[in-house]
Amino acid sequence: MDLQEKLKNLPTDPGVYIHKNDKGKIIYIGKAKKLRNRVRQYFQSSRNHDAKTRRLVRNIADFEYIVTDTEKEALVLESNLIKKHKPKYNILLKDDKQYPHLKITKEAFPKVVITRKILKDKAKYYGPFLPASLARKTLDLINKTFQLRTCNIEIDGKLPRPCLEYHLKRCLAPCVKNLCKPEEYKEATHDVKLLLEGKNKELADELEKRMWKFAETQNYELAAKYRDLQKTVLALGEQQKMATTPDRDVDIFGYYREEGTPRIALQLFTMREGKIVGRREFFWEDLPEKDFDESEFMSDVLSQYYSTDYVPLEIHVPVDFEDRENLEQILTERRGRRVYIHTPQRGQKAEMINLVETNAKIAFEQRFRVLKPDMEKVLGELQEILELPYFPERIESFDISNIQGAENVAGIVAFENGKPNRSEYRRYKIKTVEGQDDFASMNEAVFRRYRRALEEEKPLPNLIFIDGGKGQLTAAAAAMRELDLEAIPLVGLVKPPRRHSEISHLLIKGKENSPVEFEPTNPVFRLVQQIRDETHRVAVQYHRKRREIRDFTSELTAIPGVGEKRKIKLLRNFGSIERIAQAEKKELIPIVGVKTAREVFEHFERQRKLAKK
């Protein structure tokens, strides 16, 4: 059936329509009160269409539709399909993330991680946390206090010894048999669940009972442990502000857009119990430059945002939109209480929207003109994306450089709080590897780096990047395991085929089957690219230096009268090949004698004359 035939047979019911291009790819999804009227508009005169719609229509080769009973059902279905297919011509919530949650994994020995994705994986999710920094602080407290594991290794109790995390009292070490009984680990997991469910008083009472139980048996060390735990839990209960049953519960939206540009910055302020506790930012760079429909934009944003995220009791927006009442009903059903969407025109609520729009303008300037992201925010998002146990305050990165195995070297860089710390850079000449073996070279470099750090009691990184794929990652992990440092997260930076200056995806050690897609426009991944580029620069620079020294020293021993001993004497006295080449004959004579001095001087004199030609 061709398009015209399909258009004639369209029903008048509400529903969702799906436009496809000539390759069958979905390029636009829309909703309609009456499918026949709405879909036919696309194929009528284009005089009333904006530029983006005209481009869309030119690419429509086919369409499908789904009939629904009500407009409300069409709105929900449209939102779900847009999130699933991400069509090219829809307005997409590109930074579409939930507030951070804490996740207790579904494993024999669970761990706690930060995540913004809620999956159907039988894990326990707690949150959302407002502000986002509270999630990181709570995770840090859980790791230090309850000592659940933070590593990604398989726990089978067969490891011969625990890693450094155990000795620092940050892990119960279920990986080593008899160090931690399954019942003890299960008890710690149970305590964490009570804490995250907000049952601080119940948990504190349990801890007090354990304290007195061990005190009565004169096991004062364990009694003191549970006493300290109880104090920590009670203190946390005073600070904890999860978005669960707030009295004053409002989300406030505002945006800034410059006329005639495809860019827009949207801000969301979250108000809980009458106080602003969080802020979110979203950006678009491909909206229509003309005929921008702010009502349609706001409708699409709210439909997508609240399809997965926490629903407040009130939502304040700068403009009204057609589907407001339907969306209110959907969100009311989801929340279980009446939800209102307001467009304040005056008073304090309107002033709050003005404040949000002022912040949106500042964010627009920073994103599209200054481009200086908040580094603490960037690192916090990196922690969430990689599900790291600790805030990545210190990141170290490794790269191997050689040409067919010759002059094999490693470059290592350190970034602290997102900035390079050049005093901590290291350059290694690989000593134990013959020929081109990047895996063995990576193993040696990682082992030498952290063996030295442990011996000298230097600070260890919170995250390590390895330039390479699964092989390099496995080699690095073997070195870390030998040093009992396997709890430090390792991430491989994988290059696409034949494009060695780019990154295609990230591989997390222990989660190699779930690669993290690289997004070059995201500030988080731009930082990863910056660290990778700096590591590559250091490694290549050192490799070139080693190669130049090799070439120059080979040239030196080719001069008549200069063997290994005289070469070493020359280098020891002059310090470099360059200074030998510039030396006068009289300066060379005391070192190698008259005859050899003349040979050396004349050799470099010939080189200078050839260079001038």
# chains A, B, ... in the order shown; residues from 1 in each chain; ligands from 1
call {"tool": "residues_around", "arguments": {"residues": "Tyr17 (chain A)", "least_positions_apart": "3", "cutoff": "12 Å", "atoms": "only C-alpha atoms", "output": "PyMOL selection string"}}
result
chain A and resi 7+10-11+13-14+20+26-40+42+62-68+74-75+77-78+81-82
call {"tool": "closest_residue", "arguments": {"among": "A:Lys225, A:Gln436, A:Lys88, A:Phe368", "to": "Phe146 (chain A)", "atoms": "only C-alpha atoms"}}
result
A:Lys225
call {"tool": "closest_residue", "arguments": {"among": "A:Asp484, A:Glu202, A:Glu71, A:Asp191", "to": "Cys163 (chain A)", "atoms": "only C-alpha atoms"}}
result
A:Asp484
call {"tool": "closest_residue", "arguments": {"among": "A:Ile353, A:Ala108, A:Leu119, A:Leu463", "to": "Lys186 (chain A)", "atoms": "only C-alpha atoms"}}
result
A:Ala108
call {"tool": "residues_around", "arguments": {"residues": "Ile531 (chain A)", "least_positions_apart": "4", "cutoff": "9 Å", "atoms": "only C-alpha atoms", "output": "ChimeraX atom specification"}}
result
/A:395-397,413-415,418,420,465,526-527,535-536
call {"tool": "write_last_selection", "arguments": {"atoms": "all heavy atoms", "output": "tab-separated table (two decimals), in the first residue's frame"}}
result
chain	number	residue	atom	x	y	z
A	395	ILE	N	43.49	10.57	39.44
A	395	ILE	CA	43.41	9.63	38.32
A	395	ILE	C	44.81	9.48	37.73
A	395	ILE	O	45.49	10.47	37.51
A	395	ILE	CB	42.45	10.14	37.23
A	395	ILE	CG1	41.03	10.34	37.80
A	395	ILE	CG2	42.41	9.17	36.05
A	395	ILE	CD1	40.09	11.03	36.84
A	396	GLU	N	45.23	8.24	37.49
A	396	GLU	CA	46.50	8.01	36.81
A	396	GLU	C	46.22	7.23	35.52
A	396	GLU	O	45.25	6.46	35.44
A	396	GLU	CB	47.48	7.27	37.72
A	396	GLU	CG	47.88	8.12	38.92
A	396	GLU	CD	49.07	7.58	39.69
A	396	GLU	OE1	49.60	6.51	39.31
A	396	GLU	OE2	49.47	8.22	40.67
A	397	SER	N	47.08	7.43	34.53
A	397	SER	CA	46.85	6.85	33.21
A	397	SER	C	48.15	6.33	32.62
A	397	SER	O	49.20	6.96	32.78
A	397	SER	CB	46.25	7.93	32.30
A	397	SER	OG	46.03	7.44	31.00
A	413	VAL	N	50.79	9.49	33.56
A	413	VAL	CA	50.43	10.84	33.99
A	413	VAL	C	49.48	10.75	35.18
A	413	VAL	O	48.81	9.74	35.39
A	413	VAL	CB	49.78	11.67	32.86
A	413	VAL	CG1	50.68	11.72	31.64
A	413	VAL	CG2	48.40	11.14	32.50
A	414	ALA	N	49.44	11.83	35.96
A	414	ALA	CA	48.55	11.90	37.13
A	414	ALA	C	47.73	13.18	37.04
A	414	ALA	O	48.27	14.25	36.77
A	414	ALA	CB	49.37	11.88	38.42
A	415	PHE	N	46.42	13.05	37.24
A	415	PHE	CA	45.52	14.20	37.30
A	415	PHE	C	44.90	14.25	38.69
A	415	PHE	O	44.40	13.23	39.18
A	415	PHE	CB	44.40	14.07	36.25
A	415	PHE	CG	44.78	14.59	34.89
A	415	PHE	CD1	45.85	14.07	34.19
A	415	PHE	CD2	44.04	15.61	34.30
A	415	PHE	CE1	46.19	14.53	32.93
A	415	PHE	CE2	44.37	16.10	33.04
A	415	PHE	CZ	45.45	15.57	32.36
A	418	GLY	N	40.95	16.79	38.40
A	418	GLY	CA	40.74	17.13	37.00
A	418	GLY	C	41.85	17.92	36.35
A	418	GLY	O	41.75	18.25	35.16
A	420	PRO	N	46.20	18.31	35.52
A	420	PRO	CA	47.44	17.52	35.51
A	420	PRO	C	48.39	17.93	36.62
A	420	PRO	O	48.57	19.12	36.88
A	420	PRO	CB	48.04	17.84	34.12
A	420	PRO	CG	47.39	19.11	33.68
A	420	PRO	CD	46.04	19.15	34.30
A	465	PHE	N	43.42	4.66	34.32
A	465	PHE	CA	43.11	4.46	32.91
A	465	PHE	C	44.24	3.68	32.24
A	465	PHE	O	45.42	3.98	32.46
A	465	PHE	CB	42.93	5.79	32.19
A	465	PHE	CG	41.65	6.51	32.53
A	465	PHE	CD1	41.62	7.89	32.65
A	465	PHE	CD2	40.47	5.81	32.71
A	465	PHE	CE1	40.45	8.56	32.96
A	465	PHE	CE2	39.29	6.47	33.02
A	465	PHE	CZ	39.28	7.84	33.14
A	526	ARG	N	35.09	14.32	27.58
A	526	ARG	CA	36.16	15.22	27.10
A	526	ARG	C	37.34	15.21	28.07
A	526	ARG	O	38.49	15.29	27.66
A	526	ARG	CB	35.61	16.64	26.92
A	526	ARG	CG	34.75	16.81	25.68
A	526	ARG	CD	34.75	18.25	25.17
A	526	ARG	NE	34.14	19.16	26.11
A	526	ARG	CZ	32.86	19.53	26.07
A	526	ARG	NH1	32.06	19.05	25.14
A	526	ARG	NH2	32.37	20.37	26.95
A	527	LEU	N	37.05	15.11	29.37
A	527	LEU	CA	38.13	15.01	30.36
A	527	LEU	C	38.89	13.69	30.16
A	527	LEU	O	40.13	13.67	30.20
A	527	LEU	CB	37.56	15.07	31.78
A	527	LEU	CG	38.57	14.81	32.91
A	527	LEU	CD1	39.66	15.88	32.92
A	527	LEU	CD2	37.87	14.73	34.26
A	535	THR	N	48.60	11.42	28.24
A	535	THR	CA	49.38	10.20	28.47
A	535	THR	C	50.11	9.78	27.19
A	535	THR	O	51.29	9.42	27.22
A	535	THR	CB	48.46	9.05	28.93
A	535	THR	OG1	47.54	9.53	29.90
A	535	THR	CG2	49.28	7.92	29.53
A	536	HIS	N	49.39	9.83	26.08
A	536	HIS	CA	49.98	9.47	24.79
A	536	HIS	C	51.14	10.41	24.44
A	536	HIS	O	52.20	9.96	23.97
A	536	HIS	CB	48.90	9.52	23.71
A	536	HIS	CG	49.36	9.05	22.37
A	536	HIS	ND1	49.71	7.74	22.11
A	536	HIS	CD2	49.55	9.73	21.20
A	536	HIS	CE1	50.08	7.62	20.85
A	536	HIS	NE2	50.00	8.81	20.27
call {"tool": "select_by_dssp", "arguments": {"residues": "region 173-202 of chain A", "states": "alpha helix (DSSP H)", "output": "list of chain:residue names"}}
result
A:Pro182, A:Glu183, A:Glu184, A:Tyr185, A:Lys186, A:Glu187, A:Ala188, A:Thr189, A:His190, A:Asp191, A:Val192, A:Lys193, A:Leu194, A:Leu195, A:Leu196, A:Asn200, A:Lys201, A:Glu202
call {"tool": "atom_distance", "arguments": {"atom1": "CA of Leu229 (chain A)", "atom2": "CA of Cys151 (chain A)"}}
result
22.8 Å
call {"tool": "residues_around", "arguments": {"residues": "Glu376 (chain A)", "least_positions_apart": "5", "cutoff": "12 Å", "atoms": "only C-alpha atoms", "output": "mmCIF file with N, CA, C and O atoms, in the first residue's frame"}}
result
data_model
loop_
_atom_site.group_PDB
_atom_site.id
_atom_site.type_symbol
_atom_site.label_atom_id
_atom_site.label_comp_id
_atom_site.auth_asym_id
_atom_site.auth_seq_id
_atom_site.Cartn_x
_atom_site.Cartn_y
_atom_site.Cartn_z
ATOM 1 N N ALA A 132 22.830 15.786 44.680
ATOM 2 C CA ALA A 132 23.547 14.605 44.179
ATOM 3 C C ALA A 132 24.779 14.287 45.019
ATOM 4 O O ALA A 132 25.159 13.131 45.169
ATOM 5 N N SER A 133 25.401 15.321 45.582
ATOM 6 C CA SER A 133 26.622 15.105 46.378
ATOM 7 C C SER A 133 26.336 14.232 47.600
ATOM 8 O O SER A 133 27.233 13.553 48.107
ATOM 9 N N ARG A 136 27.150 10.607 46.965
ATOM 10 C CA ARG A 136 28.583 10.281 47.041
ATOM 11 C C ARG A 136 29.058 10.231 48.494
ATOM 12 O O ARG A 136 29.846 9.366 48.865
ATOM 13 N N GLU A 381 30.106 13.113 37.978
ATOM 14 C CA GLU A 381 29.405 12.357 36.935
ATOM 15 C C GLU A 381 30.254 11.185 36.448
ATOM 16 O O GLU A 381 29.728 10.116 36.127
ATOM 17 N N LEU A 382 31.575 11.381 36.396
ATOM 18 C CA LEU A 382 32.464 10.281 36.013
ATOM 19 C C LEU A 382 32.348 9.135 37.013
ATOM 20 O O LEU A 382 32.302 7.963 36.634
ATOM 21 N N GLN A 383 32.274 9.480 38.306
ATOM 22 C CA GLN A 383 32.108 8.460 39.341
ATOM 23 C C GLN A 383 30.822 7.667 39.125
ATOM 24 O O GLN A 383 30.803 6.438 39.259
ATOM 25 N N PHE A 391 35.118 8.974 45.052
ATOM 26 C CA PHE A 391 35.234 10.137 44.173
ATOM 27 C C PHE A 391 36.623 10.125 43.521
ATOM 28 O O PHE A 391 37.637 9.990 44.218
ATOM 29 N N PRO A 392 36.717 10.241 42.173
ATOM 30 C CA PRO A 392 38.018 10.102 41.491
ATOM 31 C C PRO A 392 38.886 11.357 41.607
ATOM 32 O O PRO A 392 39.207 12.006 40.618
ATOM 33 N N GLU A 393 39.272 11.665 42.838
ATOM 34 C CA GLU A 393 40.104 12.854 43.091
ATOM 35 C C GLU A 393 41.456 12.740 42.391
ATOM 36 O O GLU A 393 41.978 13.709 41.848
ATOM 37 N N GLU A 416 44.938 15.416 39.300
ATOM 38 C CA GLU A 416 44.327 15.593 40.611
ATOM 39 C C GLU A 416 43.237 16.644 40.515
ATOM 40 O O GLU A 416 43.480 17.772 40.068
ATOM 41 N N ASN A 417 42.021 16.259 40.912
ATOM 42 C CA ASN A 417 40.840 17.124 40.798
ATOM 43 C C ASN A 417 40.675 17.655 39.375
ATOM 44 O O ASN A 417 40.315 18.818 39.163
ATOM 45 N N GLY A 418 40.953 16.792 38.400
ATOM 46 C CA GLY A 418 40.735 17.130 37.002
ATOM 47 C C GLY A 418 41.847 17.917 36.347
ATOM 48 O O GLY A 418 41.745 18.254 35.163
ATOM 49 N N LYS A 419 42.945 18.190 37.071
ATOM 50 C CA LYS A 419 44.044 18.970 36.511
ATOM 51 C C LYS A 419 45.346 18.158 36.553
ATOM 52 O O LYS A 419 45.584 17.420 37.519
ATOM 53 N N PRO A 523 31.116 16.663 28.635
ATOM 54 C CA PRO A 523 32.302 17.151 29.368
ATOM 55 C C PRO A 523 33.046 16.060 30.121
ATOM 56 O O PRO A 523 34.269 16.123 30.256
ATOM 57 N N VAL A 524 32.318 15.050 30.607
ATOM 58 C CA VAL A 524 32.961 13.946 31.335
ATOM 59 C C VAL A 524 33.918 13.202 30.412
ATOM 60 O O VAL A 524 35.080 12.946 30.757
ATOM 61 N N LEU A 527 37.054 15.114 29.367
ATOM 62 C CA LEU A 527 38.132 15.005 30.358
ATOM 63 C C LEU A 527 38.891 13.693 30.157
ATOM 64 O O LEU A 527 40.129 13.672 30.196
#
call {"tool": "select_by_dssp", "arguments": {"residues": "region 350-400 of chain A", "states": "strand (DSSP E or B)", "output": "PDB file with C-alpha atoms, in the first residue's frame"}}
result
ATOM      1  CA  ARG A 394      43.315  11.313  41.742  1.00  0.00           C
ATOM      2  CA  ILE A 395      43.410   9.632  38.324  1.00  0.00           C
ATOM      3  CA  GLU A 396      46.498   8.007  36.808  1.00  0.00           C
ATOM      4  CA  SER A 397      46.852   6.855  33.211  1.00  0.00           C
ATOM      5  CA  PHE A 398      49.253   4.497  31.364  1.00  0.00           C
ATOM      6  CA  ASP A 399      50.313   4.234  27.722  1.00  0.00           C
ATOM      7  CA  ILE A 400      52.978   2.100  26.002  1.00  0.00           C
TER       8      ILE A 400
END
call {"tool": "atom_distance", "arguments": {"atom1": "CA of Ser576 (chain A)", "atom2": "CA of Met442 (chain A)"}}
result
29.4 Å
call {"tool": "residues_around", "arguments": {"residues": "region 475-482 of chain A", "least_positions_apart": "5", "cutoff": "12 Å", "atoms": "only C-alpha atoms", "output": "ChimeraX atom specification"}}
result
/A:151-153,159-164,397-400,437-451,454,460,464-470,487-492,508-510
call {"tool": "atom_distance", "arguments": {"atom1": "CA of Lys431 (chain A)", "atom2": "CA of Asn402 (chain A)"}}
result
13.0 Å
